[in-house]
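Participant: Contents of query-v8.cif (mmCIF, C-alpha atoms) are given next:
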data_upload
loop_
_atom_site.label_atom_id
_atom_site.label_comp_id
_atom_site.auth_asym_id
_atom_site.auth_seq_id
_atom_site.Cartn_x
_atom_site.Cartn_y
_atom_site.Cartn_z
CA MET O 1 149.27 168.91 165.04
CA LEU O 2 147.00 166.14 163.80
CA GLU O 3 144.90 166.32 166.97
CA LYS O 4 144.58 170.09 166.56
CA ASN O 5 143.39 169.58 162.99
CA THR O 6 140.85 166.98 164.08
CA GLU O 7 139.57 169.26 166.83
CA GLN O 8 139.29 172.18 164.42
CA GLN O 9 137.52 169.96 161.92
CA LEU O 10 135.07 168.78 164.57
CA GLU O 11 134.28 172.36 165.51
CA LEU O 12 133.69 173.24 161.86
CA VAL O 13 131.37 170.27 161.41
CA LYS O 14 129.37 171.27 164.47
CA LEU O 15 129.08 174.83 163.20
CA ALA O 16 128.12 173.66 159.71
CA ILE O 17 125.36 171.47 161.16
CA THR O 18 123.86 174.59 162.77
CA GLY O 19 123.77 176.20 159.32
CA ASP O 20 127.05 178.13 159.31
CA ARG O 21 127.90 178.55 155.62
CA ILE O 22 131.42 179.81 156.27
CA ALA O 23 132.20 176.71 158.32
CA PHE O 24 130.85 174.50 155.55
CA ASN O 25 132.96 176.33 152.96
CA GLN O 26 136.02 175.72 155.13
CA LEU O 27 135.18 172.02 155.29
CA TYR O 28 134.77 172.08 151.52
CA SER O 29 138.28 173.52 151.09
CA MET O 30 139.64 171.01 153.60
CA PHE O 31 138.18 167.90 151.96
CA TYR O 32 137.99 168.97 148.31
CA HIS O 33 141.33 167.47 147.27
CA GLY O 34 140.66 164.18 149.07
CA ILE O 35 137.25 163.75 147.43
CA TYR O 36 138.63 164.82 144.04
CA VAL O 37 141.41 162.19 144.29
CA PHE O 38 138.79 159.64 145.36
CA PHE O 39 136.88 160.20 142.11
CA PHE O 40 139.93 160.56 139.87
CA THR O 41 141.57 157.31 141.03
CA ARG O 42 138.37 155.47 140.18
CA LEU O 43 137.22 157.26 137.02
CA LYS O 44 140.50 158.60 135.58
CA SER O 45 138.68 161.70 134.33
CA VAL O 46 139.27 165.23 135.64
CA MET O 47 135.92 166.55 134.38
CA ASP O 48 133.89 163.76 135.95
CA ALA O 49 135.91 163.99 139.17
CA GLN O 50 135.24 167.73 139.46
CA ASP O 51 131.54 167.39 138.70
CA LEU O 52 131.09 164.57 141.17
CA CYS O 53 133.03 166.53 143.79
CA GLN O 54 130.52 169.34 143.52
CA GLU O 55 127.62 166.90 143.61
CA THR O 56 129.03 165.22 146.73
CA PHE O 57 129.35 168.49 148.65
CA ILE O 58 125.94 169.73 147.56
CA LYS O 59 124.39 166.48 148.80
CA ALA O 60 126.43 166.70 151.98
CA HIS O 61 125.20 170.26 152.58
CA LYS O 62 121.64 169.17 152.00
CA LYS O 63 121.88 166.20 154.38
CA LEU O 64 124.17 167.72 156.99
CA ALA O 65 121.34 168.00 159.52
CA GLN O 66 121.01 164.20 159.39
CA LEU O 67 124.61 163.66 160.57
CA ASP O 68 124.29 162.22 164.08
CA ARG O 69 127.96 162.05 165.02
CA PRO O 70 130.05 165.04 163.90
CA GLU O 71 133.27 163.07 164.55
CA SER O 72 132.33 160.64 161.76
CA PHE O 73 132.09 163.43 159.16
CA LYS O 74 134.94 162.12 156.98
CA GLY O 75 133.48 158.61 156.69
CA TRP O 76 130.01 160.07 156.10
CA LEU O 77 131.34 162.34 153.34
CA PHE O 78 133.08 159.41 151.63
CA THR O 79 129.85 157.39 151.88
CA ILE O 80 128.07 160.17 149.96
CA ALA O 81 130.95 160.23 147.46
CA GLY O 82 130.65 156.44 147.09
CA ASN O 83 126.92 156.76 146.38
CA CYS O 84 127.56 159.52 143.82
CA LEU O 85 130.13 157.25 142.16
CA LYS O 86 127.64 154.38 142.08
CA ASP O 87 124.98 156.62 140.47
CA HIS O 88 127.51 157.91 137.95
CA ARG O 89 128.56 154.38 136.97
CA ARG O 90 124.91 153.38 136.60
CA LYS O 91 124.32 156.34 134.27
CA GLU O 92 127.45 155.45 132.30
CA ARG O 93 126.19 151.87 131.89
CA ILE O 94 122.85 153.16 130.59
CA LYS O 95 124.66 155.53 128.22
CA SER O 96 126.88 152.76 126.90
CA PHE O 97 123.81 150.51 126.55
CA PHE O 98 122.23 153.11 124.27
CA GLY O 99 125.47 153.48 122.34
CA PHE O 100 126.79 156.75 123.73
CA PHE O 101 130.52 156.97 124.06
CA SER O 102 132.15 157.10 127.44
CA ASP O 103 135.14 159.33 128.16
CA ASN O 104 136.65 156.86 130.59
CA ASP O 105 138.97 155.19 128.17
CA GLU O 106 142.74 155.20 128.00
CA GLY O 107 142.70 158.08 125.51
CA ALA O 108 140.86 160.26 128.00
CA LEU O 109 143.35 159.39 130.74
CA GLU O 110 146.29 160.26 128.48
CA LYS O 111 144.62 163.56 127.64
CA CYS O 112 144.19 164.32 131.34
CA VAL O 113 147.82 163.47 132.07
CA ASP O 114 149.05 165.57 129.16
CA GLU O 115 146.95 168.54 130.19
CA ALA O 116 148.10 168.27 133.81
CA SER O 117 151.73 168.92 132.98
CA LYS O 118 153.61 170.57 130.14
CA ASP O 119 156.82 168.75 131.01
CA PRO O 120 157.16 165.69 128.69
CA ALA O 121 159.27 163.81 131.25
CA LYS O 122 156.61 164.30 133.92
CA GLN O 123 153.92 163.28 131.46
CA ALA O 124 155.79 160.07 130.65
CA VAL O 125 156.25 159.19 134.35
CA SER O 126 152.60 159.92 135.06
CA ARG O 127 151.45 157.81 132.13
CA GLN O 128 153.65 154.89 133.18
CA PHE O 129 152.41 155.16 136.75
CA TRP O 130 148.74 154.95 135.75
CA VAL O 131 149.42 152.04 133.39
CA ARG O 132 151.14 150.12 136.20
CA MET O 133 148.42 151.08 138.64
CA LYS O 134 145.81 149.83 136.21
CA ASP O 135 147.67 146.53 135.80
CA PHE O 136 147.82 146.17 139.56
CA GLU O 137 144.11 146.97 139.94
CA LYS O 138 143.33 144.21 137.44
CA LYS O 139 144.79 141.69 139.90
CA LEU O 140 142.34 142.77 142.59
CA SER O 141 138.70 141.88 142.95
CA PRO O 142 136.36 144.92 142.94
CA HIS O 143 135.96 144.70 146.71
CA GLU O 144 139.70 144.34 147.33
CA ARG O 145 140.40 147.30 145.04
CA GLU O 146 137.87 149.50 146.82
CA VAL O 147 139.15 148.58 150.28
CA PHE O 148 142.78 149.06 149.19
CA LEU O 149 142.12 152.50 147.68
CA LEU O 150 140.03 153.65 150.62
CA ARG O 151 142.83 152.65 152.99
CA PHE O 152 145.95 153.77 151.12
CA SER O 153 144.69 156.48 148.79
CA ASP O 154 141.85 158.03 150.78
CA GLU O 155 143.51 157.20 154.10
CA LEU O 156 140.38 156.06 155.89
CA SER O 157 140.51 153.91 159.01
CA ILE O 158 139.22 150.33 159.03
CA ALA O 159 136.08 151.47 160.88
CA GLU O 160 135.47 154.26 158.36
CA ILE O 161 135.92 151.87 155.42
CA ALA O 162 133.46 149.45 157.02
CA SER O 163 130.98 152.30 157.35
CA VAL O 164 131.48 153.51 153.75
CA LEU O 165 131.05 150.00 152.32
CA SER O 166 128.28 149.02 154.77
CA SER O 167 130.45 146.08 155.74
CA THR O 168 132.07 144.68 158.87
CA ALA O 169 135.57 145.49 160.11
CA SER O 170 136.62 141.84 159.86
CA SER O 171 135.47 141.64 156.23
CA VAL O 172 137.37 144.85 155.44
CA LYS O 173 140.52 143.46 157.07
CA THR O 174 140.30 140.19 155.14
CA HIS O 175 139.97 142.01 151.81
CA LEU O 176 142.70 144.43 152.75
CA TYR O 177 145.01 141.57 153.72
CA ARG O 178 144.51 139.96 150.29
CA ALA O 179 145.04 143.27 148.50
CA VAL O 180 148.24 144.07 150.44
CA LYS O 181 149.53 140.56 149.68
CA LYS O 182 148.92 141.16 145.96
CA PHE O 183 150.64 144.54 146.24
CA LYS O 184 153.64 142.87 147.92
CA ASN O 185 153.76 140.45 145.00
CA SER O 186 153.65 143.26 142.41
CA PRO O 187 157.31 144.34 142.37
CA GLU O 188 156.84 146.26 139.11
CA LEU O 189 154.55 148.74 140.89
CA HIS O 190 156.47 149.29 144.11
CA GLU O 191 159.81 149.41 142.32
CA PHE O 192 158.35 152.12 140.10
CA VAL O 193 157.02 154.00 143.13
CA GLU O 194 160.43 153.73 144.84
CA GLY O 195 162.06 155.01 141.65
CA MET O 196 159.73 158.00 141.71
CA GLY O 197 160.95 158.75 145.24
CA ASP O 198 164.53 158.68 144.01
CA ILE O 199 163.69 161.05 141.15
CA LYS O 200 162.17 163.52 143.65
CA LYS O 201 165.34 163.38 145.78
CA MET V 202 152.88 131.45 167.98
CA LYS V 203 156.53 131.68 167.10
CA ASN V 204 158.85 132.31 169.98
CA LYS V 205 161.20 135.24 170.06
CA THR V 206 164.02 133.39 168.30
CA GLN V 207 161.89 132.66 165.21
CA HIS V 208 160.94 135.40 162.77
CA LEU V 209 157.38 136.23 161.83
CA THR V 210 155.85 134.59 158.79
CA GLU V 211 154.82 136.62 155.74
CA GLU V 212 151.20 136.20 156.79
CA GLN V 213 151.85 137.64 160.25
CA ILE V 214 153.75 140.59 158.80
CA LEU V 215 150.88 141.29 156.41
CA TRP V 216 148.30 141.08 159.19
CA SER V 217 150.38 143.49 161.25
CA VAL V 218 150.35 145.93 158.32
CA VAL V 219 146.58 145.61 157.90
CA SER V 220 145.77 145.90 161.59
CA ASP V 221 148.09 145.14 164.46
CA GLU V 222 145.51 145.61 167.19
CA ASP V 223 144.20 142.05 166.78
CA HIS V 224 147.60 140.41 167.21
CA PRO V 225 149.27 141.49 170.46
CA GLU V 226 151.81 138.66 170.25
CA THR V 227 152.93 139.96 166.82
CA ILE V 228 153.39 143.45 168.28
CA GLU V 229 155.37 141.94 171.11
CA HIS V 230 157.63 140.12 168.67
CA LEU V 231 158.08 143.17 166.45
CA GLU V 232 159.17 145.25 169.42
CA SER V 233 161.97 142.84 170.15
CA CYS V 234 162.96 141.75 166.61
CA ALA V 235 164.73 144.30 164.43
CA THR V 236 164.64 142.06 161.32
CA CYS V 237 160.86 141.61 161.36
CA MET V 238 160.39 145.27 162.23
CA GLN V 239 162.50 146.18 159.21
CA THR V 240 160.48 143.85 156.93
CA LYS V 241 157.25 145.47 158.10
CA ALA V 242 158.70 148.98 157.81
CA ASN V 243 159.79 148.27 154.22
CA LEU V 244 156.31 147.20 153.23
CA MET V 245 154.74 150.17 155.03
CA LYS V 246 157.16 152.47 153.22
CA LYS V 247 156.15 151.04 149.84
CA LEU V 248 152.47 151.48 150.66
CA ALA V 249 153.07 155.04 151.84
CA GLY V 250 154.98 155.68 148.61
CA LEU V 251 152.05 154.42 146.59
CA SER V 252 149.64 156.57 148.58
CA ALA V 253 151.78 159.66 147.94
CA ALA V 254 152.16 158.76 144.27
CA LEU V 255 148.38 158.44 143.84
CA HIS V 256 147.96 161.99 145.12
CA GLN V 257 150.92 163.37 143.16
CA MET V 258 150.00 161.72 139.88
CA THR V 259 146.40 162.90 140.02
CA PRO V 260 146.19 165.91 137.67
CA GLU V 261 145.76 169.08 139.64
CA ALA V 262 142.36 170.68 139.51
CA ALA V 263 141.64 174.13 140.82
CA ILE V 264 139.09 174.13 143.58
CA GLN V 265 135.78 175.29 142.17
CA PRO V 266 133.63 177.66 144.18
CA LEU V 267 130.74 175.79 145.74
CA ASP V 268 127.57 177.50 144.61
CA ILE V 269 125.02 175.69 146.69
CA GLU V 270 122.24 178.26 146.20
CA ARG V 271 122.39 178.17 142.41
CA GLN V 272 122.75 174.39 142.18
CA ALA V 273 119.95 173.81 144.68
CA HIS V 274 117.71 176.26 142.80
CA GLN V 275 118.41 174.49 139.50
CA ARG V 276 117.58 171.13 141.02
CA ARG V 277 114.49 172.42 142.82
CA TRP V 278 113.02 174.25 139.83
CA PRO V 279 110.48 171.70 138.54
CA ALA V 280 109.35 170.73 142.03
CA GLY V 281 109.36 174.31 143.27
CA ILE V 282 106.44 175.39 141.12
CA VAL V 283 104.01 172.59 141.85
CA SER V 284 104.04 169.42 143.92
CA ARG V 285 105.30 166.04 142.74
CA GLN V 286 101.78 164.58 142.46
CA VAL V 287 100.76 167.34 140.08
CA TRP V 288 103.78 166.63 137.89
CA GLN V 289 102.85 162.93 137.88
CA ALA V 290 99.26 163.76 136.92
CA VAL V 291 100.48 166.03 134.09
CA ALA V 292 102.83 163.30 132.82
CA ALA V 293 100.02 160.70 132.94
CA SER V 294 97.65 163.07 131.05
CA VAL V 295 100.25 163.65 128.34
CA VAL V 296 100.77 159.90 127.91
CA LEU V 297 96.99 159.31 127.71
CA ALA V 298 96.54 162.16 125.22
CA ILE V 299 99.29 160.77 122.98
CA ALA V 300 97.79 157.27 123.20
CA GLY V 301 94.29 158.58 122.40
CA TYR V 302 95.49 160.70 119.49
CA THR V 303 97.43 157.75 118.05
CA GLY V 304 94.31 155.54 118.36
CA LEU V 305 92.17 158.10 116.56
CA MET V 306 94.70 158.50 113.81
CA MET V 307 94.83 154.74 113.31
CA ARG V 308 91.03 154.55 113.04
CA SER V 309 90.67 157.40 110.57
CA MET V 310 93.40 156.08 108.30
CA PRO V 311 92.11 154.41 105.04
CA SER V 312 92.62 150.67 104.76
CA THR V 313 95.93 149.98 103.20
CA LEU V 314 95.86 149.04 99.55
CA PRO V 315 98.14 146.29 98.37
CA ASP V 316 101.31 147.64 96.89
CA ASP V 317 102.44 147.04 93.31
CA SER V 318 104.52 143.99 94.11
CA THR V 319 101.58 142.29 95.89
CA VAL V 320 99.31 143.02 92.92
CA ALA V 321 101.92 141.60 90.55
CA SER V 322 102.24 138.41 92.66
CA LEU V 323 98.48 137.91 92.73
CA GLU V 324 98.23 138.40 88.99
CA PHE V 325 101.00 135.90 88.48
CA LEU V 326 99.29 133.35 90.76
CA PHE V 327 96.02 133.84 88.96
CA GLU V 328 97.66 133.30 85.61
CA ASP V 329 99.49 130.26 86.94
CA PHE V 330 96.28 128.76 88.29
CA SER V 331 94.50 129.35 84.97
CA ALA V 332 97.36 127.78 83.05
CA HIS V 333 97.24 124.59 85.16
CA ASP V 334 93.50 124.13 84.89
CA SER V 335 93.22 125.06 81.27
CA SER V 336 93.13 121.34 80.36
CA LEU V 337 89.74 120.97 82.03
CA SER V 338 86.67 122.25 80.31
CA CYS V 339 84.56 124.92 81.95
CA SER V 340 81.52 122.62 82.06
CA TYR V 341 83.50 119.94 83.97
CA LEU V 342 84.65 122.48 86.51
CA GLU V 343 81.08 123.71 87.04
CA THR V 344 79.72 120.15 87.42
CA PHE V 345 82.43 119.24 89.88
CA ALA V 346 81.71 122.35 91.87
CA GLU V 347 77.95 121.65 91.90
CA ASN V 348 78.42 117.99 92.91
CA GLU V 349 80.85 118.94 95.61
CA GLU V 350 78.48 121.58 96.93
CA ASP V 351 75.54 119.12 96.92
CA ALA V 352 77.58 116.50 98.72
CA GLY V 353 78.41 119.03 101.37
CA ILE V 354 74.77 119.98 101.86
CA ASN V 355 73.70 116.33 102.04
CA GLU V 356 76.29 115.61 104.69
CA LEU V 357 75.04 118.54 106.70
CA LEU V 358 71.42 117.41 106.42
CA GLU V 359 72.37 113.93 107.56
CA LEU V 360 74.05 115.35 110.59
CA ILE V 361 71.02 117.45 111.58
CA MET V 362 68.28 114.97 110.60
CA PRO V 363 69.81 111.51 110.31
CA ASP V 364 66.70 109.69 108.99
CA VAL V 365 65.07 112.44 107.00
CA ASN V 366 64.92 110.19 103.93
CA GLY V 367 64.60 106.91 105.84
CA THR V 368 61.60 104.83 106.85
CA ASP V 369 61.83 105.59 110.59
CA TRP V 370 60.99 109.21 110.12
CA GLN V 371 57.45 110.12 111.10
CA PRO V 372 55.82 113.46 110.48
CA ALA V 373 55.00 115.35 113.69
CA ASN V 374 51.26 115.19 113.17
CA GLY V 375 51.27 111.98 111.13
#
Translate this file's structure into structure tokens.
Facilitator:
Amino acid sequence: MLEKNTEQQLELVKLAITGDRIAFNQLYSMFYHGIYVFFFTRLKSVMDAQDLCQETFIKAHKKLAQLDRPESFKGWLFTIAGNCLKDHRRKERIKSFFGFFSDNDEGALEKCVDEASKDPAKQAVSRQFWVRMKDFEKKLSPHEREVFLLRFSDELSIAEIASVLSSTASSVKTHLYRAVKKFKNSPELHEFVEGMGDIKK
Amino acid sequence: MKNKTQHLTEEQILWSVVSDEDHPETIEHLESCATCMQTKANLMKKLAGLSAALHQMTPEAAIQPLDIERQAHQRRWPAGIVSRQVWQAVAASVVLAIAGYTGLMMRSMPSTLPDDSTVASLEFLFEDFSAHDSSLSCSYLETFAENEEDAGINELLELIMPDVNGTDWQPANG
């Protein structure tokens, strides 16, 4: 099933490179959620995540002819997303320097969570999850956090992560090892995640 | 490397979670040791649970239609009319015009008159000065000023012509 998906994806990428708009739109539908989660887990803002999603795919469409290896499309797309994120953070820093308010505070996250679900129980679980996730992220260095999220949230391979971060596979593995060790030593987070699984059952 | 009777260390389990391709001996051990396999599986399960939770807890957002044509047109608009160099030239001209206009305005502006507070301070200082020197007569002040002025001139003359009043001085055609 997975192989079939990968083959289909590869075909779509090849068609999109030749200028097939329908193929590109299919790729957009295929990767939209992944890219949206990528931005949301880092910015905790639905609006910013949606805007940056659009920006990423517009840039990808513009630069698609430059993609040498169609099989590396996913890593390439996440590299563009990473660059969009970097630009966004730079703009946010400039805004905060000039005294503009940023939406990326805890209040904004709570608002997002509340808007996402009308069920108060779900809202409470979601809020607790993001608080615990934030506490866990504080234990990680920026590089460890990025590697950890790219591996376990965005589900990229070690080689893809190395490509996205312009790093080496061994460096990625070292940072990932440290991050996983910190995760193992964060029982409050994995106990909560296990509890969520029980609730679903 | 631990033999088959010893279990893997925490470090080895973690490395096997990160990437097991670099540690064939760990894979070999895991294949034969149910306890270590279970430890690794537990950790993998927790990580998979976190991965699923990150996706589930992300607020749902409806997929927006990708309007590449419109977005590209909006972005291309300023560059679409004229080239980048022309825009740079226009920007430079505007900056120069503003600078020139500001310079002209500065020149044509009348010299600033001292404000009321400055005038009041000067008047006060003047009065203060007069009050201090009121003990001296006007004639003394004038004499002092004259003598001081003369002394200054004499010093200057001595510097230019050291022996102008002395015996060594000879007229040019004397």
Participant: Draw an axis-aligned box over all listed atoms of stretch 166-173 of chain O, pad each side with 5 Å, and write its centre and edge lengths in Å, one decimal, as lines of an AutoDock Vina configuration file.
Facilitator:
center_x = 134.4
center_y = 145.3
center_z = 157.4
size_x = 22.2
size_y = 17.4
size_z = 15.3
Participant: I'd like a table as CSV: residues in chain O with an atom no more than 7 Å from chain V, each row giving the shortest atom pair and its distance in Å to one decimal, only C-alpha atoms counted, sorted by chain and rising residue number.
Facilitator:
residue,atom,partner,partner_atom,distance
O:Val37,CA,V:His256,CA,6.6
O:Phe40,CA,V:Thr259,CA,6.9
O:Gln54,CA,V:Leu267,CA,6.8
O:Ile58,CA,V:Ile269,CA,6.1
O:Cys112,CA,V:Pro260,CA,6.8
O:Val113,CA,V:Pro260,CA,6.3
O:Ala116,CA,V:Pro260,CA,4.9
O:Ser126,CA,V:Met258,CA,5.8
O:Phe152,CA,V:Ser252,CA,5.3
O:Ser153,CA,V:Ser252,CA,5.0
O:Lys173,CA,V:Val219,CA,6.5
O:Leu176,CA,V:Val219,CA,6.6
O:Tyr177,CA,V:Val219,CA,6.0
O:Lys181,CA,V:Leu215,CA,6.9
O:His190,CA,V:Lys247,CA,6.0
O:Val193,CA,V:Leu251,CA,6.1
O:Glu194,CA,V:Gly250,CA,6.9
Participant: I need the residues from that last selection saved to file as a PDB file, in the frame of the given file (with C-alpha atoms), if you can.
Facilitator:
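Here's the written file again.pdb:
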ATOM      1  CA  VAL O  37     141.410 162.190 144.290  1.00  0.00           C
ATOM      2  CA  PHE O  40     139.930 160.560 139.870  1.00  0.00           C
ATOM      3  CA  GLN O  54     130.520 169.340 143.520  1.00  0.00           C
ATOM      4  CA  ILE O  58     125.940 169.730 147.560  1.00  0.00           C
ATOM      5  CA  CYS O 112     144.190 164.320 131.340  1.00  0.00           C
ATOM      6  CA  VAL O 113     147.820 163.470 132.070  1.00  0.00           C
ATOM      7  CA  ALA O 116     148.100 168.270 133.810  1.00  0.00           C
ATOM      8  CA  SER O 126     152.600 159.920 135.060  1.00  0.00           C
ATOM      9  CA  PHE O 152     145.950 153.770 151.120  1.00  0.00           C
ATOM     10  CA  SER O 153     144.690 156.480 148.790  1.00  0.00           C
ATOM     11  CA  LYS O 173     140.520 143.460 157.070  1.00  0.00           C
ATOM     12  CA  LEU O 176     142.700 144.430 152.750  1.00  0.00           C
ATOM     13  CA  TYR O 177     145.010 141.570 153.720  1.00  0.00           C
ATOM     14  CA  LYS O 181     149.530 140.560 149.680  1.00  0.00           C
ATOM     15  CA  HIS O 190     156.470 149.290 144.110  1.00  0.00           C
ATOM     16  CA  VAL O 193     157.020 154.000 143.130  1.00  0.00           C
ATOM     17  CA  GLU O 194     160.430 153.730 144.840  1.00  0.00           C
TER      18      GLU O 194
END
Participant: Please work out which residues fall within 10 Å of (132.2, 152.3, 155.0), coordinates as given in the file, with all atoms listed in the file counting, and return them as a PyMOL selection string.
Facilitator: chain O and resi 75-76+78-79+82+147+150+156-169+172
Participant: Quick one: pull the distance between atom CA of O:Phe73 and atom CA of O:Val13, Å, one decimal.
Facilitator: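 Taking atom CA of O:Phe73 and atom CA of O:Val13, their separation equals 7.2 Å.
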Participant: Please indicate the distance in Å from atom CA of O:Lys139 to atom CA of O:Val180, rounded to one decimal place.
Facilitator: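 Atom CA of O:Lys139 sits 11.3 Å away from atom CA of O:Val180.
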Participant: Suppose you want the space between atom CA of O:Ile80 and atom CA of O:Met30; what is it in Å?
Facilitator: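 Between atom CA of O:Ile80 and atom CA of O:Met30 the gap is 16.3 Å.
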Participant: Point out the residue among O:Val46, O:Leu27, O:Ala121, O:Leu189 with the least atom-to-atom distance to O:Leu10, counting only C-alpha atoms.
Facilitator: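 That would be O:Leu27, the residue with the smallest distance to O:Leu10.
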Participant: Have stretch 216-235 of chain V completed to N, CA and C atoms, please, and pass it along as a short mmCIF file (atom, residue, chain, number, x, y, z; two decimals), in the coordinates of the input.
Facilitator:
data_model
loop_
_atom_site.label_atom_id
_atom_site.label_comp_id
_atom_site.auth_asym_id
_atom_site.auth_seq_id
_atom_site.Cartn_x
_atom_site.Cartn_y
_atom_site.Cartn_z
N TRP V 216 149.38 140.78 158.25
CA TRP V 216 148.30 141.08 159.19
C TRP V 216 148.67 142.28 160.07
N SER V 217 149.95 142.36 160.41
CA SER V 217 150.38 143.49 161.25
C SER V 217 150.30 144.81 160.47
N VAL V 218 150.47 144.73 159.16
CA VAL V 218 150.35 145.93 158.32
C VAL V 218 148.87 146.34 158.22
N VAL V 219 148.02 145.33 158.04
CA VAL V 219 146.58 145.61 157.90
C VAL V 219 146.03 146.17 159.20
N SER V 220 146.27 145.45 160.29
CA SER V 220 145.77 145.90 161.59
C SER V 220 146.51 145.15 162.68
N ASP V 221 147.31 145.85 163.45
CA ASP V 221 148.09 145.14 164.46
C ASP V 221 147.36 145.02 165.80
N GLU V 222 146.19 145.65 165.90
CA GLU V 222 145.51 145.61 167.19
C GLU V 222 144.97 144.22 167.55
N ASP V 223 144.75 143.38 166.52
CA ASP V 223 144.20 142.05 166.78
C ASP V 223 145.28 141.03 167.16
N HIS V 224 146.52 141.38 167.00
CA HIS V 224 147.60 140.41 167.21
C HIS V 224 148.64 140.95 168.20
N PRO V 225 148.31 140.93 169.47
CA PRO V 225 149.27 141.49 170.46
C PRO V 225 150.61 140.75 170.49
N GLU V 226 150.55 139.44 170.22
CA GLU V 226 151.81 138.66 170.25
C GLU V 226 152.75 139.06 169.10
N THR V 227 152.13 139.47 167.96
CA THR V 227 152.93 139.96 166.82
C THR V 227 153.59 141.30 167.19
N ILE V 228 152.84 142.14 167.84
CA ILE V 228 153.39 143.45 168.28
C ILE V 228 154.56 143.21 169.23
N GLU V 229 154.34 142.27 170.11
CA GLU V 229 155.37 141.94 171.11
C GLU V 229 156.65 141.48 170.40
N HIS V 230 156.46 140.63 169.41
CA HIS V 230 157.63 140.12 168.67
C HIS V 230 158.33 141.26 167.90
N LEU V 231 157.50 142.07 167.25
CA LEU V 231 158.08 143.17 166.45
C LEU V 231 158.91 144.14 167.31
N GLU V 232 158.44 144.34 168.52
CA GLU V 232 159.17 145.25 169.42
C GLU V 232 160.56 144.74 169.77
N SER V 233 160.68 143.41 169.74
CA SER V 233 161.97 142.84 170.15
C SER V 233 162.82 142.34 168.97
N CYS V 234 162.22 142.30 167.76
CA CYS V 234 162.96 141.75 166.61
C CYS V 234 163.17 142.83 165.54
N ALA V 235 164.40 143.23 165.38
CA ALA V 235 164.73 144.30 164.43
C ALA V 235 164.52 143.85 162.98
#
